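K.L.:
Below is upload-v2.cif; it holds mmCIF, C-alpha atoms.
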data_run
loop_
_atom_site.label_atom_id
_atom_site.label_comp_id
_atom_site.auth_asym_id
_atom_site.auth_seq_id
_atom_site.Cartn_x
_atom_site.Cartn_y
_atom_site.Cartn_z
CA MET A 1 35.24 -4.36 -17.07
CA GLN A 2 37.92 -6.52 -18.67
CA GLY A 3 39.95 -9.50 -17.42
CA SER A 4 42.26 -12.30 -18.53
CA ASN A 5 43.45 -15.72 -17.34
CA SER A 6 46.86 -16.36 -15.80
CA ASP A 7 48.39 -16.95 -19.23
CA GLY A 8 47.09 -13.63 -20.40
CA GLY A 9 45.66 -15.30 -23.48
CA ILE A 10 41.90 -14.73 -23.07
CA SER A 11 40.31 -11.40 -22.57
CA VAL A 12 36.83 -11.41 -21.05
CA LYS A 13 34.63 -8.35 -20.81
CA VAL A 14 31.73 -8.03 -18.41
CA TYR A 15 28.98 -5.50 -19.00
CA PHE A 16 26.29 -4.77 -16.44
CA LYS A 17 22.99 -2.93 -16.83
CA GLU A 18 20.01 -2.67 -14.50
CA LEU A 19 16.61 -2.23 -16.15
CA THR A 20 13.86 -0.44 -14.20
CA ILE A 21 10.40 -1.67 -15.12
CA VAL A 22 7.20 -0.28 -13.59
CA THR A 23 4.51 -2.93 -13.80
CA ARG A 24 0.84 -1.98 -14.12
CA ARG A 25 -1.11 -5.03 -12.96
CA SER A 26 -1.10 -7.44 -10.04
CA CYS A 27 -0.15 -10.23 -12.45
CA GLU A 28 1.26 -9.62 -15.91
CA LEU A 29 3.95 -10.65 -18.37
CA ILE A 30 6.24 -8.01 -19.83
CA ASN A 31 8.30 -8.74 -22.92
CA ILE A 32 11.78 -7.33 -22.21
CA THR A 33 13.58 -8.81 -25.24
CA ASP A 34 14.23 -5.43 -26.88
CA GLU A 35 15.67 -3.97 -23.66
CA VAL A 36 18.02 -6.96 -23.33
CA LYS A 37 19.15 -6.66 -26.97
CA LYS A 38 19.76 -2.94 -26.43
CA ALA A 39 22.00 -3.72 -23.45
CA VAL A 40 23.90 -6.24 -25.58
CA SER A 41 24.40 -3.64 -28.28
CA GLU A 42 25.60 -1.08 -25.71
CA SER A 43 28.08 -3.58 -24.28
CA GLY A 44 30.07 -3.96 -27.49
CA ILE A 45 30.56 -7.63 -26.61
CA LYS A 46 30.12 -9.95 -29.60
CA ASN A 47 30.50 -13.49 -28.26
CA GLY A 48 29.67 -14.91 -24.85
CA ILE A 49 26.57 -15.27 -22.72
CA VAL A 50 23.79 -12.97 -21.54
CA LEU A 51 22.38 -13.35 -18.05
CA VAL A 52 18.96 -11.79 -17.31
CA PHE A 53 18.19 -11.81 -13.61
CA SER A 54 15.30 -10.38 -11.57
CA LYS A 55 16.03 -8.98 -8.10
CA HIS A 56 12.55 -9.71 -6.75
CA THR A 57 11.22 -12.92 -5.21
CA THR A 58 7.65 -12.33 -6.39
CA THR A 59 8.62 -12.09 -10.06
CA GLY A 60 9.98 -14.47 -12.65
CA VAL A 61 12.17 -14.39 -15.76
CA PHE A 62 11.55 -16.91 -18.52
CA ILE A 63 11.77 -17.45 -22.26
CA ASN A 64 8.76 -18.30 -24.36
CA GLU A 65 6.80 -17.41 -27.47
CA ALA A 66 5.46 -13.86 -27.73
CA GLU A 67 1.83 -14.64 -28.44
CA LYS A 68 -1.18 -12.89 -26.94
CA GLY A 69 -2.98 -16.11 -26.07
CA LEU A 70 0.02 -17.51 -24.23
CA GLU A 71 0.46 -14.22 -22.43
CA ARG A 72 -2.97 -14.87 -20.91
CA ASP A 73 -2.62 -18.65 -20.56
CA ILE A 74 0.64 -18.67 -18.62
CA PRO A 75 -0.54 -16.46 -15.73
CA PHE A 76 -3.93 -18.20 -15.76
CA TYR A 77 -2.42 -21.68 -15.31
CA LEU A 78 0.14 -20.49 -12.77
CA LYS A 79 -2.80 -19.09 -10.77
CA LYS A 80 -4.61 -22.41 -11.07
CA LEU A 81 -1.50 -24.28 -10.03
CA VAL A 82 -0.81 -22.11 -6.98
CA VAL A 83 -4.12 -20.90 -5.56
CA GLU A 84 -4.29 -17.80 -3.39
CA GLU A 85 -6.83 -19.12 -0.90
CA ASP A 86 -4.90 -21.54 1.29
CA ASN A 87 -3.36 -21.78 4.73
CA PHE A 88 0.15 -20.50 3.99
CA PHE A 89 2.65 -20.35 6.89
CA HIS A 90 4.15 -17.25 5.28
CA HIS A 91 1.03 -15.21 6.00
CA HIS A 92 1.86 -13.53 9.29
CA PHE A 93 3.19 -10.19 10.49
CA PHE A 94 6.80 -9.46 9.49
CA TYR A 95 8.44 -7.23 12.07
CA LYS A 96 11.40 -6.63 9.76
CA ASP A 97 9.08 -5.21 7.10
CA GLY A 98 6.49 -3.65 9.39
CA ARG A 99 3.62 -5.23 7.52
CA MET A 100 1.70 -8.45 7.02
CA ALA A 101 3.05 -10.98 4.53
CA VAL A 102 0.14 -11.98 2.32
CA ASN A 103 1.71 -13.21 -0.91
CA ALA A 104 3.09 -16.75 -0.44
CA TRP A 105 1.41 -17.75 -3.71
CA ALA A 106 3.44 -15.08 -5.55
CA HIS A 107 6.68 -16.44 -4.06
CA ILE A 108 5.76 -20.00 -5.05
CA ARG A 109 4.90 -18.98 -8.61
CA SER A 110 8.28 -17.24 -8.73
CA VAL A 111 10.01 -20.47 -7.67
CA LEU A 112 8.22 -22.38 -10.40
CA VAL A 113 9.20 -19.92 -13.11
CA GLY A 114 12.70 -19.07 -11.86
CA LEU A 115 14.41 -15.72 -11.57
CA HIS A 116 16.85 -15.82 -14.46
CA ALA A 117 17.44 -16.71 -18.08
CA ILE A 118 20.77 -17.31 -19.84
CA VAL A 119 21.10 -16.84 -23.59
CA PRO A 120 24.13 -17.41 -25.85
CA LEU A 121 25.63 -14.45 -27.69
CA LYS A 122 27.28 -15.06 -31.07
CA ASP A 123 28.66 -12.49 -33.50
CA GLY A 124 26.74 -9.77 -31.71
CA ASN A 125 23.42 -11.60 -31.93
CA VAL A 126 21.41 -12.89 -28.99
CA LEU A 127 20.79 -16.49 -30.02
CA LEU A 128 17.10 -16.70 -29.32
CA GLY A 129 15.03 -19.11 -31.40
CA GLY A 130 12.63 -17.64 -33.92
CA ARG A 131 9.76 -17.66 -31.44
CA GLU A 132 11.70 -17.09 -28.27
CA ASN A 133 11.33 -13.92 -26.28
CA ILE A 134 12.49 -12.95 -22.80
CA TYR A 135 9.78 -12.09 -20.29
CA LEU A 136 9.61 -10.55 -16.86
CA ALA A 137 6.66 -12.07 -14.99
CA GLU A 138 5.03 -9.87 -12.35
CA PHE A 139 3.25 -11.92 -9.70
CA ASP A 140 2.49 -9.25 -7.08
CA GLY A 141 2.29 -5.87 -8.76
CA PRO A 142 1.95 -3.15 -9.62
CA LYS A 143 5.48 -2.36 -8.52
CA GLU A 144 8.74 -0.87 -9.66
CA ARG A 145 11.00 -3.81 -10.55
CA HIS A 146 14.70 -4.10 -11.29
CA VAL A 147 16.12 -6.62 -13.73
CA VAL A 148 19.87 -7.07 -14.14
CA VAL A 149 21.35 -7.79 -17.56
CA GLN A 150 24.94 -9.02 -17.39
CA ILE A 151 26.86 -9.78 -20.57
CA MET A 152 30.10 -11.76 -20.36
CA GLY A 153 32.34 -12.46 -23.34
CA GLU A 154 34.64 -10.84 -25.84
CA MET B 155 -17.14 2.36 -7.63
CA THR B 156 -15.03 2.29 -4.50
CA ILE B 157 -13.71 4.97 -2.15
CA ASP B 158 -10.56 4.14 -0.17
CA ILE B 159 -10.46 6.36 2.89
CA HIS B 160 -7.16 5.17 4.33
CA ILE B 161 -4.00 5.62 2.26
CA HIS B 162 -0.62 6.79 3.52
CA PRO B 163 1.05 8.47 0.51
CA LEU B 164 4.54 7.22 1.32
CA VAL B 165 5.57 7.16 -2.32
CA LYS B 166 8.85 7.97 -4.05
CA GLU B 167 7.67 11.43 -5.03
CA ALA B 168 6.97 12.29 -1.37
CA CYS B 169 10.46 11.09 -0.43
CA GLU B 170 11.92 13.32 -3.12
CA MET B 171 10.10 16.30 -1.57
CA GLU B 172 11.43 15.41 1.92
CA PRO B 173 14.73 13.50 1.79
CA ARG B 174 14.41 12.20 5.39
CA LEU B 175 10.89 10.82 4.86
CA PHE B 176 12.02 7.25 4.14
CA GLU B 177 14.15 7.27 7.28
CA TRP B 178 11.14 8.46 9.34
CA GLN B 179 8.93 5.89 7.60
CA ARG B 180 11.32 3.15 8.72
CA GLU B 181 12.16 4.41 12.19
CA ILE B 182 8.90 5.98 13.39
CA TYR B 183 6.13 4.67 11.15
CA GLY B 184 7.72 1.22 11.30
CA LEU B 185 7.51 0.24 7.63
CA THR B 186 10.81 -0.73 6.02
CA THR B 187 9.72 -1.58 2.48
CA SER B 188 10.99 0.78 -0.23
CA PRO B 189 8.67 3.55 -1.39
CA GLN B 190 7.09 2.88 -4.76
CA PRO B 191 6.49 5.45 -7.51
CA LEU B 192 3.13 7.23 -7.36
CA ASP B 193 2.33 5.59 -10.71
CA THR B 194 2.16 2.17 -9.05
CA LEU B 195 -0.32 3.45 -6.45
CA VAL B 196 -2.45 4.91 -9.25
CA SER B 197 -2.25 1.55 -11.08
CA GLN B 198 -3.37 -0.24 -7.93
CA LEU B 199 -6.34 2.09 -7.59
CA GLU B 200 -7.24 1.59 -11.27
CA GLU B 201 -7.01 -2.19 -10.96
CA ALA B 202 -9.21 -2.10 -7.86
CA GLU B 203 -11.65 0.35 -9.51
CA VAL B 204 -11.15 2.86 -6.72
CA LYS B 205 -12.38 6.25 -7.92
CA LYS B 206 -11.52 8.34 -4.86
CA ALA B 207 -8.63 7.82 -2.45
CA ILE B 208 -8.01 9.70 0.78
CA LEU B 209 -4.34 10.52 1.36
CA LEU B 210 -3.36 11.00 4.98
CA ALA B 211 -0.75 13.25 6.55
CA LEU B 212 0.67 12.45 9.98
CA ASP B 213 2.22 15.12 12.18
CA CYS B 214 4.47 13.66 14.91
CA ARG B 215 6.63 16.72 15.49
CA SER B 216 6.31 17.16 19.26
CA ARG B 217 7.22 13.53 20.02
CA TRP B 218 9.41 12.52 17.08
CA GLY B 219 10.29 15.74 15.26
CA CYS B 220 8.84 14.71 11.92
CA CYS B 221 5.79 14.48 9.70
CA ILE B 222 5.08 11.23 7.83
CA PRO B 223 4.30 13.03 5.55
CA SER B 224 3.46 16.70 6.05
CA ASN B 225 0.26 18.50 5.03
CA ASN B 226 2.20 20.34 2.33
CA ILE B 227 3.41 17.11 0.77
CA VAL B 228 -0.08 15.61 0.86
CA ALA B 229 -1.45 18.73 -0.84
CA LYS B 230 1.22 18.51 -3.55
CA ILE B 231 0.47 14.85 -4.27
CA VAL B 232 -3.27 15.54 -4.36
CA ALA B 233 -2.52 18.25 -6.95
CA LYS B 234 -0.93 15.62 -9.22
CA GLU B 235 -4.22 13.66 -9.47
CA PRO B 236 -6.93 16.03 -8.25
CA ASP B 237 -9.82 13.94 -9.59
CA LEU B 238 -8.57 10.85 -7.80
CA PHE B 239 -7.14 12.08 -4.52
CA ILE B 240 -8.54 13.89 -1.49
CA GLY B 241 -6.14 14.99 1.23
CA PHE B 242 -6.57 14.79 4.99
CA ALA B 243 -4.43 17.04 7.17
CA SER B 244 -2.74 16.08 10.39
CA VAL B 245 -1.78 18.39 13.22
CA ASP B 246 -0.03 17.60 16.47
CA PRO B 247 -2.10 18.22 19.63
CA GLY B 248 1.19 18.59 21.49
CA LEU B 249 1.84 21.84 19.62
CA GLY B 250 -1.08 23.64 21.32
CA GLU B 251 -2.37 26.81 19.65
CA LYS B 252 0.06 26.34 16.77
CA ALA B 253 -1.78 23.13 15.90
CA ILE B 254 -5.08 25.03 15.70
CA ASP B 255 -3.57 27.62 13.36
CA GLU B 256 -1.99 24.93 11.19
CA LEU B 257 -5.27 23.06 10.99
CA LYS B 258 -7.11 26.16 9.78
CA TYR B 259 -4.36 26.79 7.22
CA ALA B 260 -4.42 23.18 5.96
CA ILE B 261 -8.19 23.19 5.46
CA LYS B 262 -8.65 26.72 4.17
CA ASN B 263 -5.43 27.26 2.22
CA LEU B 264 -4.11 23.84 1.24
CA GLY B 265 -7.58 22.50 0.39
CA LEU B 266 -7.35 19.45 2.62
CA GLN B 267 -10.75 18.07 3.55
CA GLY B 268 -10.40 16.13 6.78
CA VAL B 269 -8.08 15.35 9.67
CA LYS B 270 -5.99 12.32 10.60
CA LEU B 271 -4.78 11.66 14.14
CA ASN B 272 -2.86 8.75 15.60
CA PRO B 273 -2.68 8.81 19.43
CA ALA B 274 0.07 6.15 19.47
CA LEU B 275 2.51 7.66 16.98
CA GLN B 276 1.67 11.21 18.05
CA ASP B 277 1.81 10.13 21.70
CA PHE B 278 -1.19 12.09 22.99
CA ASP B 279 -4.09 11.33 25.27
CA PRO B 280 -7.33 11.64 23.25
CA LEU B 281 -9.05 12.99 26.38
CA SER B 282 -6.42 15.68 27.08
CA PRO B 283 -7.37 19.40 27.07
CA SER B 284 -5.07 20.10 24.10
CA ALA B 285 -6.78 17.37 22.06
CA GLU B 286 -10.17 18.66 23.20
CA ARG B 287 -9.35 22.13 21.82
CA LEU B 288 -8.44 20.53 18.53
CA TYR B 289 -11.76 18.65 18.30
CA ALA B 290 -13.63 21.90 18.89
CA GLU B 291 -11.85 23.43 15.90
CA ILE B 292 -12.41 20.34 13.73
CA GLU B 293 -16.10 20.55 14.57
CA ARG B 294 -16.17 24.26 13.67
CA LEU B 295 -14.47 23.56 10.36
CA GLU B 296 -17.04 20.80 9.64
CA VAL B 297 -14.49 18.25 8.42
CA PRO B 298 -14.35 14.55 9.34
CA LEU B 299 -11.75 13.09 11.70
CA LEU B 300 -10.13 9.74 10.96
CA VAL B 301 -8.39 8.44 14.08
CA HIS B 302 -6.22 5.40 14.58
CA THR B 303 -7.66 2.94 17.07
CA GLY B 304 -6.45 -0.54 18.01
CA LEU B 305 -3.15 -2.32 17.57
CA VAL B 306 0.12 -0.69 16.56
CA TRP B 307 2.69 -3.34 15.71
CA SER B 308 5.76 -1.14 16.19
CA ARG B 309 7.29 -1.65 19.64
CA LYS B 310 8.44 1.96 19.64
CA HIS B 311 4.95 3.22 20.46
CA ARG B 312 2.46 2.65 23.24
CA ILE B 313 -1.12 1.59 22.58
CA LYS B 314 -2.67 2.74 25.84
CA TYR B 315 -4.29 5.68 24.02
CA CYS B 316 -5.67 3.51 21.23
CA ASN B 317 -8.63 1.85 22.89
CA PRO B 318 -11.69 2.95 20.90
CA LEU B 319 -13.86 3.26 24.01
CA VAL B 320 -12.37 6.70 24.84
CA TRP B 321 -14.08 8.06 21.74
CA ASP B 322 -17.49 7.62 23.39
CA GLU B 323 -16.79 10.67 25.53
CA ILE B 324 -15.46 12.70 22.60
CA ALA B 325 -18.36 11.78 20.34
CA TYR B 326 -20.75 12.75 23.14
CA ASN B 327 -19.08 16.16 23.54
CA HIS B 328 -18.85 16.83 19.79
CA PRO B 329 -22.06 15.48 18.27
CA THR B 330 -21.56 17.13 14.87
CA MET B 331 -17.95 16.02 14.38
CA LYS B 332 -17.83 12.92 12.19
CA ILE B 333 -15.39 10.45 13.74
CA ILE B 334 -14.07 7.41 11.88
CA LEU B 335 -12.46 4.81 14.14
CA ALA B 336 -9.77 3.22 11.99
CA HIS B 337 -9.19 -0.53 11.83
CA CYS B 338 -12.49 -1.17 13.67
CA GLY B 339 -10.33 -0.78 16.76
CA TRP B 340 -8.89 -4.29 16.30
CA PRO B 341 -8.49 -6.16 18.63
CA TRP B 342 -10.95 -4.07 20.70
CA VAL B 343 -13.54 -4.47 17.97
CA TRP B 344 -16.62 -4.68 20.18
CA ASP B 345 -15.60 -1.50 21.99
CA ALA B 346 -15.40 0.26 18.61
CA VAL B 347 -18.73 -1.24 17.54
CA ALA B 348 -20.36 -0.11 20.80
CA VAL B 349 -19.20 3.48 20.29
CA ALA B 350 -20.32 3.48 16.65
CA LEU B 351 -23.73 2.08 17.60
CA ARG B 352 -24.22 4.66 20.34
CA HIS B 353 -23.38 7.72 18.27
CA GLU B 354 -24.77 8.89 14.95
CA ASN B 355 -21.49 10.68 14.22
CA VAL B 356 -19.17 7.67 14.69
CA TYR B 357 -18.10 5.33 11.88
CA LEU B 358 -15.67 2.42 11.50
CA ASP B 359 -13.05 1.74 8.86
CA ILE B 360 -11.90 -1.78 8.02
CA SER B 361 -8.38 -0.96 6.91
CA ASN B 362 -5.36 -3.22 7.45
CA THR B 363 -5.24 -6.97 7.77
CA PHE B 364 -4.20 -7.89 11.29
CA THR B 365 -5.03 -11.58 11.37
CA GLY B 366 -3.86 -12.92 8.01
CA THR B 367 -4.53 -12.16 4.38
CA PRO B 368 -7.13 -9.52 3.49
CA ARG B 369 -9.69 -12.23 2.73
CA GLU B 370 -8.95 -14.05 5.98
CA HIS B 371 -9.02 -10.87 8.05
CA LEU B 372 -12.17 -9.26 6.64
CA ARG B 373 -14.00 -12.60 6.79
CA HIS B 374 -12.93 -12.92 10.43
CA LEU B 375 -13.78 -9.30 11.24
CA LEU B 376 -17.14 -8.84 9.52
CA THR B 377 -18.66 -12.33 9.53
CA GLU B 378 -17.16 -14.15 12.53
CA LEU B 379 -15.88 -11.79 15.22
CA ILE B 380 -18.79 -9.52 14.38
CA PRO B 381 -21.47 -11.97 13.23
CA SER B 382 -22.74 -11.38 9.68
CA ARG B 383 -26.20 -10.52 10.98
CA VAL B 384 -24.78 -7.70 13.13
CA THR B 385 -22.71 -6.36 10.22
CA GLU B 386 -25.75 -6.44 7.95
CA ARG B 387 -28.48 -5.23 10.32
CA PHE B 388 -26.64 -2.88 12.66
CA LEU B 389 -23.52 -1.67 10.90
CA GLY B 390 -24.55 -1.44 7.24
CA GLU B 391 -24.36 2.36 7.31
CA LYS B 392 -21.41 2.59 9.68
CA ILE B 393 -18.53 0.78 7.97
CA LEU B 394 -16.20 2.47 5.46
CA PHE B 395 -13.68 0.79 3.20
CA GLY B 396 -10.01 1.59 3.68
CA SER B 397 -6.88 -0.27 2.66
CA ASP B 398 -4.02 1.20 4.77
CA TYR B 399 -1.68 1.28 1.75
CA PRO B 400 1.33 0.81 1.75
CA ARG B 401 0.99 -1.71 4.57
CA ILE B 402 -1.25 -3.67 2.19
CA GLU B 403 -2.03 -3.47 -1.51
CA VAL B 404 -5.32 -1.80 -2.42
CA PRO B 405 -6.57 -4.46 -4.92
CA LYS B 406 -6.16 -7.23 -2.33
CA MET B 407 -8.29 -5.33 0.19
CA VAL B 408 -11.00 -4.46 -2.35
CA ASP B 409 -11.09 -8.08 -3.54
CA ALA B 410 -11.45 -9.22 0.08
CA ALA B 411 -14.34 -6.84 0.74
CA LYS B 412 -16.13 -7.91 -2.44
CA SER B 413 -15.72 -11.58 -1.54
CA LEU B 414 -17.49 -11.29 1.82
CA SER B 415 -20.52 -13.54 2.32
CA ILE B 416 -22.79 -10.71 3.38
CA ASP B 417 -25.62 -8.84 1.70
CA ALA B 418 -24.51 -7.29 -1.62
CA ASP B 419 -26.10 -3.93 -0.81
CA VAL B 420 -24.17 -3.77 2.44
CA ILE B 421 -20.93 -4.44 0.55
CA ARG B 422 -21.76 -1.61 -1.84
CA ARG B 423 -22.41 0.69 1.12
CA ILE B 424 -19.09 -0.27 2.67
CA LEU B 425 -17.15 0.25 -0.54
CA HIS B 426 -18.81 3.44 -1.65
CA PHE B 427 -21.98 4.99 -0.27
CA ASN B 428 -21.03 5.26 3.40
CA ALA B 429 -17.88 7.18 2.53
CA LEU B 430 -19.94 9.52 0.34
CA GLU B 431 -22.14 10.29 3.35
CA VAL B 432 -19.18 10.99 5.61
CA LEU B 433 -17.12 12.98 3.14
CA PHE B 434 -19.65 14.99 1.22
CA LYS B 435 -22.84 15.45 3.30
#
As structure tokens - that is how I would like this structure written.
P.N.:
Amino acid sequence: MQGSNSDGGISVKVYFKELTIVTRRSCELINITDEVKKAVSESGIKNGIVLVFSKHTTTGVFINEAEKGLERDIPFYLKKLVVEEDNFFHHHFFYKDGRMAVNAWAHIRSVLVGLHAIVPLKDGNVLLGGRENIYLAEFDGPKERHVVVQIMGE
Amino acid sequence: MTIDIHIHPLVKEACEMEPRLFEWQREIYGLTTSPQPLDTLVSQLEEAEVKKAILLALDCRSRWGCCIPSNNIVAKIVAKEPDLFIGFASVDPGLGEKAIDELKYAIKNLGLQGVKLNPALQDFDPLSPSAERLYAEIERLEVPLLVHTGLVWSRKHRIKYCNPLVWDEIAYNHPTMKIILAHCGWPWVWDAVAVALRHENVYLDISNTFTGTPREHLRHLLTELIPSRVTERFLGEKILFGSDYPRIEVPKMVDAAKSLSIDADVIRRILHFNALEVLFK
């Protein structure tokens, strides 16, 4: 998709891609940096911004170092921060779903982490720092998840 | 090792085999969440260390004109993971003799190894003559019967046929038919317990989580509503583990069962050995 301002001087392209990711564990971190870079490459856009957005309220999207220890520490401390054994108001039968809601802790962890990341794009390169990677955090898997990558620029 | 005797295989692959299945799941079964790929169910079972999972058909044709899902679909999904899955057939008592023929076909030709009935969704009286004829055939085929008892949340169905006490009469008339009363008959739990205590051939499953999270519900069910001493001393060989996926995730239910403050041997029986007795002896 392509657009311009009223003067016709700036041309902005928007590229959209939805990633499908099947998670394997109830709680896990999945490094999606390569998939995001691939979408950027497919877009043909060289300069602008990249939005990575999860469509699920029991997941998170964040940027951090790709290191095995941290990949264990981050879920561990989120679990310590938001314990599963508590008296959550959310835990009741949902007629609209037809099932019991039992995952308030996953929603709260999602709020803490956030559902999106924005990264600058310059000369065709995603401007991540040397240690920065983009992660999808699964807080209530295993499930099929959908992450939107939207690239805006020229 | 754990055996999960209560899984509804409402997965993406089943919906691909029957394009209207998701619509029936929403409208009749009353679950609106999107079907997940079979892979995610298998991952749940792996995470929960479940080694055998019973997949249930549900035939509602005479009342609602659909199966959720059909015996054929269950058989096809079992074939994808034959070491992990066991299929239970469902036939509709409202279909009369046709139901008997379909039951024989499902057991003998499709390789299904038990029967699932739901008097609310199938809208039949468990004490009706047509149901009675079906029990006689189930008994002849020597396969277990898993029957829904207790609450149905969906307002589309009636629960007057779901009181577990009616199964006293059926168990009395069919002493060699193994009957599993699903959900411990919640909220008529003591009625279900009474029937299970009276009959050697009656068992209880603890699937679903009616009163809160899995931990809250199973703690309530097996240590408070039924006191721990009764669970341990009277029901240790009667209770079978089931999750009721996809209404609840399997690992959460297994975790809840393992966390119960009751005798460890009784927990092992619930998770594994009691199901072995019912399914394979």
K.L.:
For this file, the PyMOL selection byres ((chain B and resi 364) around 9) selects which residues, as a list in words?
P.N.:
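The output of the PyMOL selection byres ((chain B and resi 364) around 9) on this file is His92, Phe93 and Met100 of chain A; Leu305, His337, Trp340, Pro341, Asn362, Thr363, Thr365, Gly366, Thr367, Pro368 and His371 of chain B.
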K.L.:
Which residues of chain A have any atom within 9 Å of an atom in chain B when counting all atoms listed in the file, and what is the closest pair of atoms for each, with the distance in Å to one decimal? Order the rows by chain and rising number and write it as a tab-separated table.
P.N.:
residue	atom	partner	partner_atom	distance
A:Val22	CA	B:Thr194	CA	7.2
A:Thr23	CA	B:Thr194	CA	7.4
A:Arg24	CA	B:Ser197	CA	5.6
A:Arg25	CA	B:Glu201	CA	6.8
A:Ser26	CA	B:Gln198	CA	7.8
A:Glu85	CA	B:Arg369	CA	8.3
A:His91	CA	B:Gly366	CA	5.8
A:His92	CA	B:Gly366	CA	5.9
A:Phe93	CA	B:Phe364	CA	7.8
A:Tyr95	CA	B:Ser308	CA	7.8
A:Lys96	CA	B:Thr186	CA	7.0
A:Asp97	CA	B:Thr186	CA	4.9
A:Gly98	CA	B:Leu185	CA	4.4
A:Arg99	CA	B:Arg401	CA	5.3
A:Met100	CA	B:Thr363	CA	7.1
A:Ala101	CA	B:Thr367	CA	7.7
A:Val102	CA	B:Thr367	CA	5.1
A:Asn103	CA	B:Thr367	CA	8.2
A:Gly141	CA	B:Gln198	CA	8.0
A:Pro142	CA	B:Thr194	CA	5.4
A:Lys143	CA	B:Thr194	CA	5.6
A:Glu144	CA	B:Gln190	CA	6.4
K.L.:
For the file shown, report as a ChimeraX atom specification the outcome of the PyMOL selection byres ((chain A and resi 59) around 9) at residue level.
P.N.:
/A:54-58,60-61,106-107,109-111,113-115,136-141,145
K.L.:
If you keep C-alpha atoms, can you produce a file of those selected residues as an mmCIF file, keeping the file's coordinate frame?
P.N.:
data_model
loop_
_atom_site.group_PDB
_atom_site.id
_atom_site.type_symbol
_atom_site.label_atom_id
_atom_site.label_comp_id
_atom_site.auth_asym_id
_atom_site.auth_seq_id
_atom_site.Cartn_x
_atom_site.Cartn_y
_atom_site.Cartn_z
ATOM 1 C CA SER A 54 15.300 -10.380 -11.570
ATOM 2 C CA LYS A 55 16.030 -8.980 -8.100
ATOM 3 C CA HIS A 56 12.550 -9.710 -6.750
ATOM 4 C CA THR A 57 11.220 -12.920 -5.210
ATOM 5 C CA THR A 58 7.650 -12.330 -6.390
ATOM 6 C CA GLY A 60 9.980 -14.470 -12.650
ATOM 7 C CA VAL A 61 12.170 -14.390 -15.760
ATOM 8 C CA ALA A 106 3.440 -15.080 -5.550
ATOM 9 C CA HIS A 107 6.680 -16.440 -4.060
ATOM 10 C CA ARG A 109 4.900 -18.980 -8.610
ATOM 11 C CA SER A 110 8.280 -17.240 -8.730
ATOM 12 C CA VAL A 111 10.010 -20.470 -7.670
ATOM 13 C CA VAL A 113 9.200 -19.920 -13.110
ATOM 14 C CA GLY A 114 12.700 -19.070 -11.860
ATOM 15 C CA LEU A 115 14.410 -15.720 -11.570
ATOM 16 C CA LEU A 136 9.610 -10.550 -16.860
ATOM 17 C CA ALA A 137 6.660 -12.070 -14.990
ATOM 18 C CA GLU A 138 5.030 -9.870 -12.350
ATOM 19 C CA PHE A 139 3.250 -11.920 -9.700
ATOM 20 C CA ASP A 140 2.490 -9.250 -7.080
ATOM 21 C CA GLY A 141 2.290 -5.870 -8.760
ATOM 22 C CA ARG A 145 11.000 -3.810 -10.550
#
K.L.:
Determine the residue set returned by the PyMOL selection byres ((chain B and resi 336) around 9) for the present structure, and present it as a PDB file with C-alpha atoms, keeping the file's coordinate frame.
P.N.:
ATOM      1  CA  HIS B 160      -7.160   5.170   4.330  1.00  0.00           C
ATOM      2  CA  LEU B 300     -10.130   9.740  10.960  1.00  0.00           C
ATOM      3  CA  VAL B 301      -8.390   8.440  14.080  1.00  0.00           C
ATOM      4  CA  HIS B 302      -6.220   5.400  14.580  1.00  0.00           C
ATOM      5  CA  THR B 303      -7.660   2.940  17.070  1.00  0.00           C
ATOM      6  CA  GLY B 304      -6.450  -0.540  18.010  1.00  0.00           C
ATOM      7  CA  ILE B 334     -14.070   7.410  11.880  1.00  0.00           C
ATOM      8  CA  LEU B 335     -12.460   4.810  14.140  1.00  0.00           C
ATOM      9  CA  HIS B 337      -9.190  -0.530  11.830  1.00  0.00           C
ATOM     10  CA  CYS B 338     -12.490  -1.170  13.670  1.00  0.00           C
ATOM     11  CA  GLY B 339     -10.330  -0.780  16.760  1.00  0.00           C
ATOM     12  CA  TRP B 340      -8.890  -4.290  16.300  1.00  0.00           C
ATOM     13  CA  TYR B 357     -18.100   5.330  11.880  1.00  0.00           C
ATOM     14  CA  LEU B 358     -15.670   2.420  11.500  1.00  0.00           C
ATOM     15  CA  ASP B 359     -13.050   1.740   8.860  1.00  0.00           C
ATOM     16  CA  ILE B 360     -11.900  -1.780   8.020  1.00  0.00           C
ATOM     17  CA  SER B 361      -8.380  -0.960   6.910  1.00  0.00           C
ATOM     18  CA  GLY B 396     -10.010   1.590   3.680  1.00  0.00           C
TER      19      GLY B 396
END
K.L.:
Residues at most 6 Å from Cys221 in chain B, counting only C-alpha atoms, excluding those fewer than 6 positions away in the same chain, as JSON, numbers by chain?
P.N.:
{"B": [212, 213, 214]}
K.L.:
Can you measure CA of Pro280 in chain B to CA of Tyr259 in chain B for me? One decimal in Å is fine.
P.N.:
22.3 Å
K.L.:
Just the residues within 8 Å of Asn225 in chain B, please, counting only C-alpha atoms, with nothing from its chain fewer than 6 positions along; format it as a list in words.
P.N.:
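Answer for this query is Ala211, Leu212, Phe242, Ala243, Ser244, Ala260 and Leu264 of chain B.
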K.L.:
Quick one: residues within 12 Å of Pro283 in chain B, all atoms listed in the file counted, chain neighbours fewer than 6 positions away excluded, as JSON, numbers by chain?
P.N.:
{"B": [247, 248, 250, 251, 289, 290, 324]}
K.L.:
Show me the residues around (16.6, -3.1, -15.1) - criterion: an atom at most 6 Å away, all atoms listed in the file counted - as a PyMOL selection string.
P.N.:
chain A and resi 18-20+146-148
